[in-house]
$ cat input_15.tsv   # TSV, C-alpha atoms
chain	number	residue	atom	x	y	z
A	89	MET	CA	-139.77	31.47	64.60
A	90	ARG	CA	-136.97	29.29	65.87
A	91	GLU	CA	-135.90	26.25	63.85
A	92	ARG	CA	-137.71	23.06	64.63
A	93	ILE	CA	-136.62	19.46	64.92
A	94	VAL	CA	-139.03	16.58	64.63
A	95	MET	CA	-139.26	14.34	67.67
A	96	LYS	CA	-142.08	11.82	67.70
A	97	THR	CA	-143.48	9.25	70.03
A	98	ILE	CA	-143.50	6.04	68.01
A	99	PHE	CA	-147.15	5.09	68.04
A	100	PRO	CA	-150.06	5.51	65.59
A	101	THR	CA	-150.84	8.92	67.11
A	102	SER	CA	-147.27	10.23	66.75
A	103	LEU	CA	-146.87	13.91	67.59
A	104	LEU	CA	-144.48	16.66	66.43
A	105	ALA	CA	-142.14	18.41	68.86
A	106	ALA	CA	-141.27	22.07	68.49
A	107	ALA	CA	-137.85	23.51	69.28
A	108	VAL	CA	-137.71	24.16	73.01
A	109	THR	CA	-135.73	26.05	75.61
A	110	LEU	CA	-135.19	23.88	78.72
A	111	LEU	CA	-134.34	25.22	82.15
A	112	ALA	CA	-133.14	22.32	84.33
A	113	GLY	CA	-129.64	21.66	85.66
A	114	CYS	CA	-127.05	19.17	84.46
A	115	ALA	CA	-124.38	16.87	85.96
A	116	THR	CA	-121.20	15.43	84.55
A	117	THR	CA	-120.67	11.76	83.82
A	118	PRO	CA	-120.15	9.82	87.07
A	119	ARG	CA	-116.50	8.88	87.44
A	120	GLN	CA	-117.29	5.87	89.63
A	121	GLN	CA	-119.97	3.26	89.43
A	122	SER	CA	-122.74	2.73	91.96
A	123	PRO	CA	-122.31	-0.12	94.44
A	124	PRO	CA	-123.63	-3.45	93.08
A	125	VAL	CA	-127.27	-4.23	93.78
A	126	ALA	CA	-128.16	-7.92	93.94
A	127	ALA	CA	-130.87	-9.25	91.65
A	128	ASN	CA	-134.24	-9.23	93.40
A	129	PRO	CA	-137.67	-9.76	91.81
A	130	ALA	CA	-139.06	-6.94	93.99
A	131	ILE	CA	-136.47	-4.44	92.72
A	132	LEU	CA	-136.08	-2.97	89.24
A	133	ARG	CA	-132.40	-2.05	88.77
A	134	VAL	CA	-132.30	0.71	86.18
A	135	GLY	CA	-128.93	1.35	84.57
A	136	ILE	CA	-128.31	5.03	83.78
A	137	THR	CA	-125.62	7.54	82.89
A	138	PRO	CA	-127.20	10.73	84.24
A	139	ASN	CA	-125.54	13.27	81.96
A	140	ALA	CA	-128.12	13.64	79.18
A	141	PRO	CA	-130.64	16.39	80.00
A	142	PRO	CA	-133.55	16.55	79.62
A	143	MET	CA	-133.76	12.76	79.30
A	144	ILE	CA	-131.73	11.62	82.34
A	145	PHE	CA	-129.58	13.81	84.59
A	146	LYS	CA	-129.11	15.01	88.16
A	147	GLU	CA	-130.60	18.03	89.87
A	148	GLY	CA	-129.97	18.74	93.54
A	149	GLY	CA	-128.42	15.30	93.89
A	150	GLN	CA	-131.53	13.56	92.57
A	151	VAL	CA	-131.90	11.62	89.32
A	152	VAL	CA	-134.50	13.42	87.20
A	153	GLY	CA	-135.69	13.77	83.62
A	154	VAL	CA	-137.88	11.96	81.12
A	155	GLU	CA	-136.29	8.54	81.66
A	156	ALA	CA	-136.33	8.92	85.46
A	157	GLU	CA	-140.08	9.57	85.47
A	158	LEU	CA	-140.74	6.77	83.03
A	159	ALA	CA	-138.67	4.38	85.16
A	160	GLN	CA	-140.67	5.24	88.27
A	161	ALA	CA	-143.92	4.81	86.34
A	162	LEU	CA	-142.74	1.42	85.00
A	163	GLY	CA	-141.84	0.40	88.55
A	164	ARG	CA	-145.29	1.31	89.83
A	165	GLU	CA	-146.95	-0.52	86.96
A	166	SER	CA	-144.93	-3.69	87.59
A	167	GLY	CA	-145.02	-3.50	91.40
A	168	ARG	CA	-141.23	-3.20	91.74
A	169	GLN	CA	-139.10	-0.70	93.62
A	170	VAL	CA	-136.87	1.30	91.29
A	171	VAL	CA	-133.17	1.56	92.11
A	172	PHE	CA	-131.04	3.69	89.81
A	173	VAL	CA	-127.59	2.24	89.16
A	174	GLU	CA	-125.23	4.94	87.91
A	175	LEU	CA	-122.64	3.72	85.43
A	176	LYS	CA	-120.27	5.08	82.87
A	177	TRP	CA	-121.94	5.11	79.46
A	178	GLU	CA	-119.53	2.59	77.97
A	179	ASP	CA	-120.29	0.13	80.81
A	180	LEU	CA	-124.10	0.09	80.53
A	181	ILE	CA	-124.46	-2.80	78.09
A	182	ASP	CA	-121.83	-4.91	79.85
A	183	ALA	CA	-123.61	-4.35	83.17
A	184	LEU	CA	-126.89	-5.49	81.64
A	185	ALA	CA	-125.32	-8.59	80.10
A	186	GLU	CA	-123.66	-9.44	83.43
A	187	ASN	CA	-126.97	-9.10	85.35
A	188	LYS	CA	-125.81	-6.07	87.31
A	189	VAL	CA	-128.86	-4.11	86.11
A	190	ASP	CA	-132.26	-5.22	84.78
A	191	VAL	CA	-132.93	-2.51	82.21
A	192	ILE	CA	-131.11	0.40	80.56
A	193	MET	CA	-133.20	3.59	80.54
A	194	SER	CA	-130.63	6.21	79.61
A	195	SER	CA	-131.57	7.88	76.31
A	196	MET	CA	-130.07	5.00	74.34
A	197	SER	CA	-130.59	4.88	70.58
A	198	ILE	CA	-131.54	1.54	69.05
A	199	THR	CA	-128.75	0.49	66.68
A	200	PRO	CA	-127.97	-2.76	64.81
A	201	ALA	CA	-124.69	-3.15	66.70
A	202	ARG	CA	-126.37	-2.85	70.09
A	203	LYS	CA	-129.15	-5.23	69.05
A	204	TYR	CA	-126.52	-7.94	68.60
A	205	ARG	CA	-125.92	-7.86	72.34
A	206	ILE	CA	-129.21	-6.90	73.96
A	207	ALA	CA	-132.92	-6.71	73.23
A	208	PHE	CA	-134.78	-3.43	72.95
A	209	THR	CA	-138.31	-2.44	73.74
A	210	ASN	CA	-140.46	-0.87	71.07
A	211	PRO	CA	-139.10	2.62	70.31
A	212	TYR	CA	-140.90	5.44	72.08
A	213	LEU	CA	-139.25	8.61	70.73
A	214	ARG	CA	-137.74	9.63	67.41
A	215	VAL	CA	-134.72	11.91	67.70
A	216	GLY	CA	-131.60	12.72	65.66
A	217	GLN	CA	-128.08	14.03	65.92
A	218	MET	CA	-127.77	17.82	65.89
A	219	ALA	CA	-124.99	20.36	66.41
A	220	LEU	CA	-124.43	23.07	69.00
A	221	VAL	CA	-122.35	25.99	67.70
A	222	ARG	CA	-121.47	29.58	68.48
A	223	SER	CA	-124.17	32.01	67.39
A	224	GLU	CA	-122.01	33.68	64.76
A	225	ASP	CA	-121.37	30.24	63.21
A	226	LYS	CA	-125.03	29.23	63.04
A	227	TYR	CA	-125.00	28.52	59.29
A	228	LYS	CA	-121.27	27.92	58.83
A	229	PHE	CA	-121.33	24.13	59.07
A	230	THR	CA	-124.47	23.24	57.14
A	231	MET	CA	-122.57	22.40	53.95
A	232	ASP	CA	-119.22	21.16	55.28
A	233	LEU	CA	-119.35	20.08	58.91
A	234	ALA	CA	-115.93	18.45	59.20
A	235	GLY	CA	-114.03	20.75	56.86
A	236	ALA	CA	-115.22	23.96	58.46
A	237	ALA	CA	-114.65	22.82	62.06
A	238	LYS	CA	-110.95	23.64	62.22
A	239	ARG	CA	-110.75	23.51	66.03
A	240	GLY	CA	-112.50	20.16	66.18
A	241	ILE	CA	-115.90	18.58	66.81
A	242	GLY	CA	-116.88	17.54	70.32
A	243	VAL	CA	-118.74	14.33	71.18
A	244	GLU	CA	-119.21	12.00	74.12
A	245	ARG	CA	-117.35	8.71	73.79
A	246	GLY	CA	-119.34	5.61	72.82
A	247	THR	CA	-122.36	7.53	71.52
A	248	THR	CA	-124.06	7.45	68.14
A	249	ALA	CA	-122.64	10.94	67.60
A	250	GLU	CA	-119.14	9.47	67.74
A	251	SER	CA	-120.17	6.69	65.35
A	252	LEU	CA	-121.61	9.25	62.95
A	253	LEU	CA	-118.37	11.21	62.82
A	254	ARG	CA	-116.22	8.11	62.40
A	255	GLN	CA	-118.37	6.80	59.54
A	256	GLU	CA	-119.40	9.95	57.69
A	257	PHE	CA	-116.60	12.38	58.55
A	258	PRO	CA	-113.48	10.22	59.02
A	259	ARG	CA	-111.16	13.22	58.60
A	260	ALA	CA	-112.85	15.25	61.31
A	261	LYS	CA	-110.80	16.31	64.31
A	262	VAL	CA	-112.71	14.75	67.22
A	263	LYS	CA	-112.50	15.84	70.84
A	264	TYR	CA	-114.17	13.97	73.71
A	265	PHE	CA	-116.17	15.42	76.59
A	266	HIS	CA	-117.74	13.94	79.71
A	267	SER	CA	-120.92	16.00	79.44
A	268	GLY	CA	-122.79	18.56	77.40
A	269	ASP	CA	-121.88	21.25	79.92
A	270	ASP	CA	-118.18	20.52	79.43
A	271	ALA	CA	-118.62	20.70	75.65
A	272	ALA	CA	-120.60	23.95	75.88
A	273	ALA	CA	-117.82	25.53	77.94
A	274	ALA	CA	-115.26	24.43	75.33
A	275	LEU	CA	-117.41	25.93	72.58
A	276	ALA	CA	-117.74	29.23	74.39
A	277	SER	CA	-113.96	29.37	74.94
A	278	ARG	CA	-113.34	28.44	71.27
A	279	SER	CA	-111.55	25.18	72.09
A	280	VAL	CA	-113.87	23.40	69.63
A	281	ASP	CA	-116.20	24.65	66.89
A	282	VAL	CA	-119.07	22.17	67.17
A	283	PHE	CA	-120.62	19.76	69.67
A	284	VAL	CA	-122.76	16.93	68.25
A	285	SER	CA	-125.28	14.98	70.33
A	286	ASP	CA	-128.89	13.81	70.48
A	287	SER	CA	-131.40	16.53	69.59
A	288	PRO	CA	-133.06	16.75	73.05
A	289	MET	CA	-129.70	17.54	74.67
A	290	ILE	CA	-128.69	19.98	71.93
A	291	TRP	CA	-131.94	21.93	72.25
A	292	TYR	CA	-131.51	21.93	76.03
A	293	LEU	CA	-127.95	23.26	75.76
A	294	GLY	CA	-129.00	25.83	73.17
A	295	GLY	CA	-131.47	27.30	75.64
A	296	ARG	CA	-129.24	26.98	78.67
A	297	TYR	CA	-126.24	28.67	77.04
A	298	GLU	CA	-127.95	31.18	74.77
A	299	SER	CA	-126.62	34.02	76.94
A	300	LYS	CA	-123.10	32.62	76.43
A	301	GLY	CA	-123.41	33.02	72.67
A	302	LEU	CA	-124.29	29.42	71.76
A	303	THR	CA	-127.12	28.21	69.54
A	304	VAL	CA	-128.42	25.19	67.62
A	305	ALA	CA	-127.31	24.76	64.02
A	306	PRO	CA	-130.32	24.31	61.68
A	307	MET	CA	-129.46	20.81	60.45
A	308	LEU	CA	-130.54	17.30	61.36
A	309	LEU	CA	-127.68	14.85	60.81
A	310	THR	CA	-129.46	11.55	61.49
A	311	GLU	CA	-132.78	10.00	62.41
A	312	GLU	CA	-132.72	7.69	65.42
A	313	TYR	CA	-135.11	5.95	67.78
A	314	LEU	CA	-134.88	5.65	71.55
A	315	GLY	CA	-135.78	2.49	73.43
A	316	TRP	CA	-134.94	0.60	76.62
A	317	GLY	CA	-132.43	-2.25	76.71
A	318	VAL	CA	-133.10	-5.57	78.43
A	319	ARG	CA	-131.37	-8.94	78.45
A	320	ARG	CA	-132.41	-11.21	75.61
A	321	ALA	CA	-133.49	-13.93	78.04
A	322	ASP	CA	-135.70	-11.58	80.07
A	323	ASP	CA	-138.87	-12.01	78.03
A	324	GLY	CA	-141.08	-11.15	80.99
A	325	LEU	CA	-139.57	-7.70	81.51
A	326	LEU	CA	-139.52	-7.00	77.78
A	327	GLU	CA	-143.23	-7.80	77.50
A	328	ALA	CA	-144.05	-5.79	80.62
A	329	ALA	CA	-142.11	-2.75	79.37
A	330	ASN	CA	-143.76	-2.86	75.96
A	331	ALA	CA	-147.18	-3.21	77.56
A	332	PHE	CA	-146.42	-0.22	79.79
A	333	LEU	CA	-145.35	1.89	76.81
A	334	GLN	CA	-148.52	1.03	74.92
A	335	LYS	CA	-150.69	1.80	77.94
A	336	SER	CA	-148.90	5.07	78.79
A	337	GLN	CA	-149.32	6.28	75.23
A	338	ALA	CA	-153.01	5.36	75.20
A	339	ASN	CA	-153.77	7.16	78.48
A	340	GLY	CA	-151.58	10.16	77.70
A	341	GLU	CA	-149.01	9.60	80.47
A	342	LEU	CA	-146.07	9.33	78.07
A	343	ASN	CA	-146.85	12.61	76.33
A	344	ARG	CA	-147.46	14.38	79.66
A	345	ILE	CA	-144.00	13.34	80.87
A	346	LEU	CA	-142.39	14.41	77.59
A	347	ARG	CA	-144.09	17.80	77.70
A	348	ARG	CA	-143.05	18.33	81.32
A	349	TRP	CA	-139.37	18.06	80.41
A	350	MET	CA	-139.58	19.36	76.83
A	351	PRO	CA	-141.97	22.32	77.05
A	352	GLY	CA	-142.30	22.65	73.26
A	353	PHE	CA	-143.39	19.05	72.81
A	354	GLN	CA	-146.93	18.88	71.44
$ encode --input "input_15.tsv" --output "structure tokens"
Amino acid sequence: MRERIVMKTIFPTSLLAAAVTLLAGCATTPRQQSPPVAANPAILRVGITPNAPPMIFKEGGQVVGVEAELAQALGRESGRQVVFVELKWEDLIDALAENKVDVIMSSMSITPARKYRIAFTNPYLRVGQMALVRSEDKYKFTMDLAGAAKRGIGVERGTTAESLLRQEFPRAKVKYFHSGDDAAAALASRSVDVFVSDSPMIWYLGGRYESKGLTVAPMLLTEEYLGWGVRRADDGLLEAANAFLQKSQANGELNRILRRWMPGFQ
């Protein structure tokens, strides 16, 4: 049996997620931002960085994934047309604060630092940081992640993975990548020894690049919770999003979407 990571929907009927192999495509971080979209009560401007499969990414030029489906469902529920606004990850919170987007739905972990700037919905999925490694190194880093990674540890800038390394492994040699695909290529070519990211992406990459000799290391580095970011003053949208999450859990829509993109989710 393959190793398993716990991912739970955050409701009374929380469910376990098995380790999964995911088969969708991936895109790199957009280098330029989408054109501005003016605030309009009939439009829901959803800020995204579509480089985090299976949560939010591009396939055939279309924005797809867990967050994309949930955004469309939230739009239908609230009677608003969804417009995805593609931004660099480090610009998402600024764009929300400056009223360039209405909500962030981009696999964003709820952290104390982020809560100082924006409000979050109730969490809907429990995840954690995990590591992608070469198959022959599967158990090499379980006891000494930073010390054993002589070629460096890859992360995406501005993520909780980067924060983890800075706080817990300050001596680690850190290398930055625009996407999981870029990091996987660097791993396969031995430019780095480890890539750390959210567990859904790591399991996705482990399945996608298994034939290239990559796998998931059997260790969970953190426990985190995903939610959607809204402006503090936007009480109406916050209430509507929380009501939608509660309803979609009760009628099974949330779990159906999660299982569609994470086949091992139960």
$ residues_around --input "input_15.tsv" --residues "Pro129 (chain A)" --least-positions-apart "6" --cutoff "12 Å" --atoms "all atoms listed in the file" --output "NGL selection string"
:A and (163 or 166-170 or 189-190 or 324-325)
$ closest_residue --input "input_15.tsv" --among "A:Tyr212, A:Phe172, A:Ala185, A:Arg245" --to "Ser336 (chain A)" --atoms "all atoms listed in the file"
A:Tyr212
$ closest_residue --input "input_15.tsv" --among "A:Gly148, A:Ile181, A:Gln337, A:Ala273" --to "Phe208 (chain A)" --atoms "only C-alpha atoms"
A:Ile181
$ residues_near_point --input "input_15.tsv" --point "(-123.6, 31.0, 66.0)" --cutoff "12 Å" --atoms "all atoms listed in the file" --output "PyMOL selection string"
chain A and resi 219-230+275-276+278+281-282+294+297-306
$ residues_around --input "input_15.tsv" --residues "Ser287 (chain A)" --least-positions-apart "4" --cutoff "7 Å" --atoms "all atoms listed in the file" --output "list in words"
Val215, Gly216, Gln217, Met218 and Trp291 of chain A
$ residues_around --input "input_15.tsv" --residues "Ala207 (chain A)" --least-positions-apart "2" --cutoff "9 Å" --atoms "all atoms listed in the file" --output "PyMOL selection string"
chain A and resi 202-205+209+316-322+326
